[in-house]
>>> print(open('run.txt').read())   # compact mmCIF, C-alpha atoms
# COMPACT_ATOMS: atom_id res chain seq x y z
CA MET A 946 0.00 0.00 0.00
CA ARG A 947 2.91 2.36 0.66
CA VAL A 948 3.97 2.74 -2.94
CA PRO A 949 0.54 3.16 -4.60
CA LEU A 950 -0.60 5.61 -1.90
CA GLY A 951 2.70 7.45 -2.21
CA PHE A 952 2.16 7.90 -5.94
CA LEU A 953 -1.44 9.00 -5.36
CA PHE A 954 -0.33 11.55 -2.77
CA SER A 955 2.40 12.74 -5.17
CA ILE A 956 -0.13 13.37 -7.93
CA ILE A 957 -2.48 15.23 -5.57
CA PHE A 958 0.48 17.13 -4.17
CA LEU A 959 1.77 18.25 -7.57
CA ILE A 960 -1.68 19.26 -8.82
CA PHE A 961 -2.57 21.37 -5.78
CA ALA A 962 0.85 22.77 -4.84
CA LYS A 963 1.07 26.57 -5.00
CA PRO A 964 4.73 27.26 -4.33
CA GLN A 965 5.81 30.69 -3.12
CA PRO A 966 9.50 31.69 -3.38
CA GLU A 967 10.30 31.95 0.34
CA TRP A 968 8.39 28.78 1.26
CA LEU A 969 9.92 26.90 -1.64
CA ILE A 970 13.41 27.75 -0.36
CA ILE A 971 12.61 26.83 3.25
CA GLY A 972 10.80 23.66 2.23
CA GLY A 973 13.59 22.72 -0.15
CA ILE A 974 16.13 22.99 2.67
CA VAL A 975 13.95 20.84 4.94
CA ALA A 976 13.50 18.24 2.17
CA ILE A 977 17.27 18.12 1.65
CA VAL A 978 17.74 17.54 5.39
CA GLY A 979 15.26 14.67 5.17
CA VAL A 980 16.92 13.01 2.20
CA SER A 981 20.30 13.47 3.93
CA ILE A 982 18.98 11.58 6.97
CA ARG A 983 17.88 8.79 4.62
CA ALA A 984 21.30 8.74 2.95
CA TRP A 985 23.10 8.62 6.31
CA SER A 986 20.81 5.81 7.43
CA SER A 987 21.36 3.69 4.34
CA GLY A 988 25.10 3.65 4.98
CA HIS A 989 24.59 2.05 8.40
CA ILE A 990 22.10 -0.75 7.76
CA ARG A 991 22.75 -4.31 6.71
CA LYS A 992 19.17 -5.50 6.29
CA ASN A 993 18.37 -8.75 8.09
CA ALA A 994 22.08 -9.51 8.58
CA GLU A 995 23.04 -7.27 11.53
CA LEU A 996 21.10 -5.12 13.95
CA ALA A 997 21.79 -1.51 12.94
CA ILE A 998 22.71 0.52 16.02
CA SER A 999 25.29 2.95 14.64
CA GLY A 1000 24.93 6.33 13.01
CA PRO A 1001 21.33 7.52 13.06
CA TYR A 1002 20.19 4.15 14.42
CA ALA A 1003 21.72 5.18 17.75
CA TYR A 1004 19.04 7.91 17.95
CA THR A 1005 15.94 6.29 16.45
CA ARG A 1006 15.06 2.78 15.34
CA ASN A 1007 13.56 4.08 12.10
CA PRO A 1008 15.78 6.83 10.70
CA LEU A 1009 14.84 5.98 7.11
CA TYR A 1010 11.20 6.73 7.96
CA VAL A 1011 12.20 9.81 9.95
CA GLY A 1012 14.13 11.02 6.90
CA SER A 1013 11.16 10.34 4.63
CA PHE A 1014 8.87 12.19 7.03
CA VAL A 1015 11.17 15.23 7.18
CA MET A 1016 11.60 15.14 3.41
CA VAL A 1017 7.85 15.21 2.76
CA VAL A 1018 7.32 17.87 5.44
CA GLY A 1019 9.77 19.92 3.40
CA PHE A 1020 7.75 19.30 0.26
CA CYS A 1021 4.56 20.33 2.05
CA ILE A 1022 6.21 23.56 3.22
CA ALA A 1023 7.46 24.19 -0.31
CA ALA A 1024 3.97 23.59 -1.72
CA SER A 1025 2.48 26.38 0.46
CA VAL A 1026 -0.82 24.50 0.91
CA TRP A 1027 -1.58 23.70 4.56
CA TRP A 1028 -4.11 20.91 3.96
CA LEU A 1029 -1.50 18.88 2.05
CA SER A 1030 0.40 18.67 5.35
CA VAL A 1031 -2.70 17.40 7.14
CA LEU A 1032 -3.31 14.80 4.42
CA PHE A 1033 0.34 13.72 4.51
CA ALA A 1034 0.37 13.40 8.33
CA PHE A 1035 -2.79 11.27 8.21
CA LEU A 1036 -1.41 9.01 5.47
CA PHE A 1037 1.94 8.68 7.22
CA LEU A 1038 0.34 7.60 10.48
CA MET A 1039 -2.03 5.19 8.76
CA ILE A 1040 0.70 3.58 6.66
CA TYR A 1041 4.00 3.78 8.52
CA LEU A 1042 2.94 3.24 12.12
CA PRO A 1043 1.59 -0.27 11.34
CA VAL A 1044 4.67 -0.97 9.18
CA MET A 1045 7.03 0.01 12.01
CA LYS A 1046 5.13 -2.16 14.47
CA ALA A 1047 5.19 -5.12 12.07
CA GLU A 1048 8.92 -4.70 11.55
CA VAL A 1049 9.43 -4.98 15.31
CA LYS A 1050 8.18 -8.58 15.15
CA ASP A 1051 10.69 -9.39 12.42
CA LEU A 1052 13.54 -7.81 14.37
CA VAL A 1053 12.61 -9.67 17.55
CA PHE A 1054 12.66 -12.90 15.56
CA LEU A 1055 16.01 -12.09 13.90
CA PHE A 1056 17.89 -10.51 16.81
CA GLY A 1057 16.08 -11.55 20.02
CA GLU A 1058 17.55 -10.12 23.23
CA LYS A 1059 19.92 -7.82 21.37
CA PHE A 1060 16.92 -6.12 19.77
CA ALA A 1061 15.01 -6.07 23.06
CA GLU A 1062 17.84 -4.12 24.70
CA TYR A 1063 18.03 -1.79 21.71
CA ALA A 1064 14.26 -1.21 21.67
CA ALA A 1065 14.28 -0.46 25.40
CA ASN A 1066 16.83 2.32 24.84
CA VAL A 1067 16.09 3.77 21.40
CA PRO A 1068 12.67 5.19 20.49
CA LEU A 1069 10.60 3.80 17.64
CA PHE A 1070 10.37 7.08 15.74
CA PHE A 1071 11.08 10.39 17.47
CA PRO A 1072 14.86 10.53 17.95
CA ARG A 1073 16.70 10.64 21.26
CA LEU A 1074 18.73 13.77 21.90
CA THR A 1075 21.87 11.77 22.62
CA SER A 1076 23.40 8.69 21.03
CA TRP A 1077 22.45 5.42 22.71
CA LYS A 1078 25.87 3.82 22.28
CA LYS A 1079 29.12 4.94 20.84
CA SER A 1080 30.13 2.96 17.79
CA ASP A 1081 33.25 2.81 15.68
CA GLU A 1082 31.19 1.80 12.66
CA LYS A 1083 31.43 4.43 9.95
CA PHE A 1084 29.15 5.31 7.08
CA ASP A 1085 29.58 2.74 4.31
CA PHE A 1086 29.14 4.31 0.87
CA ALA A 1087 28.91 0.85 -0.69
CA LEU A 1088 25.73 0.22 1.32
CA TYR A 1089 24.35 3.57 0.16
CA LEU A 1090 24.89 2.43 -3.42
CA LYS A 1091 23.67 -1.12 -2.76
CA TYR A 1092 20.32 0.15 -1.48
CA ARG A 1093 20.17 2.71 -4.32
CA GLU A 1094 19.39 5.49 -1.88
CA TYR A 1095 20.61 8.02 -4.44
CA ARG A 1096 17.19 7.56 -6.04
CA ALA A 1097 15.63 9.44 -3.12
CA GLY A 1098 18.02 12.32 -3.82
CA LEU A 1099 17.02 12.29 -7.47
CA GLY A 1100 13.38 12.28 -6.39
CA VAL A 1101 13.94 15.37 -4.23
CA CYS A 1102 15.56 17.14 -7.17
CA PHE A 1103 12.66 16.12 -9.42
CA VAL A 1104 9.92 17.31 -7.02
CA LEU A 1105 11.69 20.58 -6.25
CA GLY A 1106 12.27 21.09 -9.97
CA ILE A 1107 8.57 20.65 -10.68
CA LEU A 1108 7.72 23.09 -7.88
CA VAL A 1109 10.12 25.63 -9.37
CA LEU A 1110 8.48 25.17 -12.78
CA LYS A 1111 5.05 25.62 -11.20
CA LEU A 1112 6.26 28.75 -9.44
CA PHE A 1113 7.48 30.42 -12.61
CA PHE A 1114 5.30 29.00 -15.37
CA PHE A 1115 2.03 27.64 -13.96
CA ARG A 1116 0.67 30.19 -11.49
>>> encode(input="run.txt", output="structure tokens")
Amino acid sequence: MRVPLGFLFSIIFLIFAKPQPEWLIIGGIVAIVGVSIRAWSSGHIRKNAELAISGPYAYTRNPLYVGSFVMVVGFCIAASVWWLSVLFAFLFLMIYLPVMKAEVKDLVFLFGEKFAEYAANVPLFFPRLTSWKKSDEKFDFALYLKYREYRAGLGVCFVLGILVLKLFFFR
């Protein structure tokens, strides 16, 4: 459901967006922060092989979703239409909260007590202010490429480009 609803929201978003210069700049910066969080996260996760606890995973168990959330908040700011933010928040809660809870079951199965300790110390979504554990593990660019996270960056450029076009040519 995530992908089809994401495309549906994107179409609605692009049709109804009414970008204004100052909000487009602010929203663009916020979207770039969001995609940067996603990029940072992708360089620290080895899906189903190791429990990710380094980098952004030391602050939140779901930094990829946090990054997506921040990215789309940026788009909503850039669009200058308040009700798009309300629609996005509703869709996010309805889609991603159940997904995050379902993923907990998988992680308990895969990592047992190690995950239980992690979950007891690191919040599901809203990040901690301090790192849970210090780690020597560094960002791995090969993982970033493996998970093709650069596509999210291209997506941000595409959406912001369309908003710029709307601003100047489709008022």
>>> closest_residue(input="run.txt", among="A:Ala997, A:Ala984, A:Cys1021, A:Ala1003", to="A:Leu1052", atoms="all atoms listed in the file")
A:Ala997
>>> atom_distance(input="run.txt", atom1="atom CA of A:Trp1027", atom2="atom CA of A:Ile1040")
20.4 Å
>>> closest_residue(input="run.txt", among="A:Gly1057, A:Pro1043, A:Pro966, A:Gly979", to="A:Glu995", atoms="all atoms listed in the file")
A:Gly1057
>>> closest_residue(input="run.txt", among="A:Gln965, A:Ser955, A:Asn1066, A:Ser1013", to="A:Val978", atoms="only C-alpha atoms")
A:Ser1013
>>> atom_distance(input="run.txt", atom1="atom CA of A:His989", atom2="atom CA of A:Phe1086")
9.1 Å
>>> residues_around(input="run.txt", residues="A:Val980", least_positions_apart="4", cutoff="8 Å", atoms="only C-alpha atoms", output="ChimeraX atom specification")
/A:976,984,1012-1013,1015-1016,1097-1098,1101
>>> closest_residue(input="run.txt", among="A:Val1031, A:Leu1069, A:Leu1038, A:Val1044", to="A:Pro1008", atoms="only C-alpha atoms")
A:Leu1069
>>> closest_residue(input="run.txt", among="A:Leu1009, A:Val1053, A:Leu1032, A:Ile956", to="A:Asn993", atoms="all atoms listed in the file")
A:Val1053
>>> build_atoms(input="run.txt", residues="stretch 989-1009 of chain A", atoms="N, CA, C and O atoms", output="PDB file, in the coordinates of the input")
ATOM      1  N   HIS A 989      24.386   2.702   7.096  1.00  0.00           N
ATOM      2  CA  HIS A 989      24.590   2.050   8.400  1.00  0.00           C
ATOM      3  C   HIS A 989      23.743   0.798   8.591  1.00  0.00           C
ATOM      4  O   HIS A 989      23.765   0.220   9.671  1.00  0.00           O
ATOM      5  N   ILE A 990      22.991   0.401   7.578  1.00  0.00           N
ATOM      6  CA  ILE A 990      22.100  -0.750   7.760  1.00  0.00           C
ATOM      7  C   ILE A 990      22.523  -1.907   6.855  1.00  0.00           C
ATOM      8  O   ILE A 990      22.852  -1.709   5.690  1.00  0.00           O
ATOM      9  N   ARG A 991      22.525  -3.071   7.454  1.00  0.00           N
ATOM     10  CA  ARG A 991      22.750  -4.310   6.710  1.00  0.00           C
ATOM     11  C   ARG A 991      21.499  -5.151   6.947  1.00  0.00           C
ATOM     12  O   ARG A 991      21.434  -5.932   7.896  1.00  0.00           O
ATOM     13  N   LYS A 992      20.519  -4.950   6.095  1.00  0.00           N
ATOM     14  CA  LYS A 992      19.170  -5.500   6.290  1.00  0.00           C
ATOM     15  C   LYS A 992      19.192  -6.995   6.552  1.00  0.00           C
ATOM     16  O   LYS A 992      19.762  -7.761   5.790  1.00  0.00           O
ATOM     17  N   ASN A 993      18.567  -7.362   7.661  1.00  0.00           N
ATOM     18  CA  ASN A 993      18.370  -8.750   8.090  1.00  0.00           C
ATOM     19  C   ASN A 993      19.661  -9.510   8.377  1.00  0.00           C
ATOM     20  O   ASN A 993      19.614 -10.701   8.657  1.00  0.00           O
ATOM     21  N   ALA A 994      20.808  -8.837   8.299  1.00  0.00           N
ATOM     22  CA  ALA A 994      22.080  -9.510   8.580  1.00  0.00           C
ATOM     23  C   ALA A 994      22.643  -9.094   9.940  1.00  0.00           C
ATOM     24  O   ALA A 994      23.170  -9.925  10.674  1.00  0.00           O
ATOM     25  N   GLU A 995      22.543  -7.815  10.255  1.00  0.00           N
ATOM     26  CA  GLU A 995      23.040  -7.270  11.530  1.00  0.00           C
ATOM     27  C   GLU A 995      22.029  -6.264  12.043  1.00  0.00           C
ATOM     28  O   GLU A 995      21.368  -5.592  11.253  1.00  0.00           O
ATOM     29  N   LEU A 996      21.951  -6.137  13.356  1.00  0.00           N
ATOM     30  CA  LEU A 996      21.100  -5.120  13.950  1.00  0.00           C
ATOM     31  C   LEU A 996      21.808  -3.777  13.820  1.00  0.00           C
ATOM     32  O   LEU A 996      22.923  -3.611  14.318  1.00  0.00           O
ATOM     33  N   ALA A 997      21.195  -2.839  13.129  1.00  0.00           N
ATOM     34  CA  ALA A 997      21.790  -1.510  12.940  1.00  0.00           C
ATOM     35  C   ALA A 997      21.622  -0.694  14.209  1.00  0.00           C
ATOM     36  O   ALA A 997      20.498  -0.439  14.644  1.00  0.00           O
ATOM     37  N   ILE A 998      22.753  -0.310  14.808  1.00  0.00           N
ATOM     38  CA  ILE A 998      22.710   0.520  16.020  1.00  0.00           C
ATOM     39  C   ILE A 998      23.672   1.696  15.938  1.00  0.00           C
ATOM     40  O   ILE A 998      23.802   2.455  16.882  1.00  0.00           O
ATOM     41  N   SER A 999      24.323   1.860  14.795  1.00  0.00           N
ATOM     42  CA  SER A 999      25.290   2.950  14.640  1.00  0.00           C
ATOM     43  C   SER A 999      24.684   4.086  13.833  1.00  0.00           C
ATOM     44  O   SER A 999      23.599   3.958  13.253  1.00  0.00           O
ATOM     45  N   GLY A1000      25.396   5.177  13.772  1.00  0.00           N
ATOM     46  CA  GLY A1000      24.930   6.330  13.010  1.00  0.00           C
ATOM     47  C   GLY A1000      23.579   6.791  13.513  1.00  0.00           C
ATOM     48  O   GLY A1000      23.354   6.889  14.720  1.00  0.00           O
ATOM     49  N   PRO A1001      22.635   7.032  12.625  1.00  0.00           N
ATOM     50  CA  PRO A1001      21.330   7.520  13.060  1.00  0.00           C
ATOM     51  C   PRO A1001      20.520   6.478  13.831  1.00  0.00           C
ATOM     52  O   PRO A1001      19.602   6.829  14.569  1.00  0.00           O
ATOM     53  N   TYR A1002      20.886   5.205  13.686  1.00  0.00           N
ATOM     54  CA  TYR A1002      20.190   4.150  14.420  1.00  0.00           C
ATOM     55  C   TYR A1002      20.493   4.191  15.913  1.00  0.00           C
ATOM     56  O   TYR A1002      19.821   3.514  16.686  1.00  0.00           O
ATOM     57  N   ALA A1003      21.452   4.980  16.333  1.00  0.00           N
ATOM     58  CA  ALA A1003      21.720   5.180  17.750  1.00  0.00           C
ATOM     59  C   ALA A1003      20.769   6.215  18.350  1.00  0.00           C
ATOM     60  O   ALA A1003      20.744   6.405  19.569  1.00  0.00           O
ATOM     61  N   TYR A1004      19.977   6.873  17.501  1.00  0.00           N
ATOM     62  CA  TYR A1004      19.040   7.910  17.950  1.00  0.00           C
ATOM     63  C   TYR A1004      17.579   7.493  17.777  1.00  0.00           C
ATOM     64  O   TYR A1004      16.720   7.890  18.548  1.00  0.00           O
ATOM     65  N   THR A1005      17.288   6.756  16.734  1.00  0.00           N
ATOM     66  CA  THR A1005      15.940   6.290  16.450  1.00  0.00           C
ATOM     67  C   THR A1005      16.029   4.945  15.742  1.00  0.00           C
ATOM     68  O   THR A1005      16.964   4.710  14.976  1.00  0.00           O
ATOM     69  N   ARG A1006      15.041   4.100  15.991  1.00  0.00           N
ATOM     70  CA  ARG A1006      15.060   2.780  15.340  1.00  0.00           C
ATOM     71  C   ARG A1006      14.645   2.855  13.878  1.00  0.00           C
ATOM     72  O   ARG A1006      14.839   1.900  13.143  1.00  0.00           O
ATOM     73  N   ASN A1007      14.076   3.965  13.468  1.00  0.00           N
ATOM     74  CA  ASN A1007      13.560   4.080  12.100  1.00  0.00           C
ATOM     75  C   ASN A1007      14.019   5.363  11.417  1.00  0.00           C
ATOM     76  O   ASN A1007      13.198   6.159  10.958  1.00  0.00           O
ATOM     77  N   PRO A1008      15.320   5.571  11.307  1.00  0.00           N
ATOM     78  CA  PRO A1008      15.780   6.830  10.700  1.00  0.00           C
ATOM     79  C   PRO A1008      15.429   6.975   9.222  1.00  0.00           C
ATOM     80  O   PRO A1008      15.283   8.097   8.738  1.00  0.00           O
ATOM     81  N   LEU A1009      15.268   5.865   8.512  1.00  0.00           N
ATOM     82  CA  LEU A1009      14.840   5.980   7.110  1.00  0.00           C
ATOM     83  C   LEU A1009      13.439   6.596   7.036  1.00  0.00           C
ATOM     84  O   LEU A1009      13.169   7.461   6.205  1.00  0.00           O
TER      85      LEU A1009
END
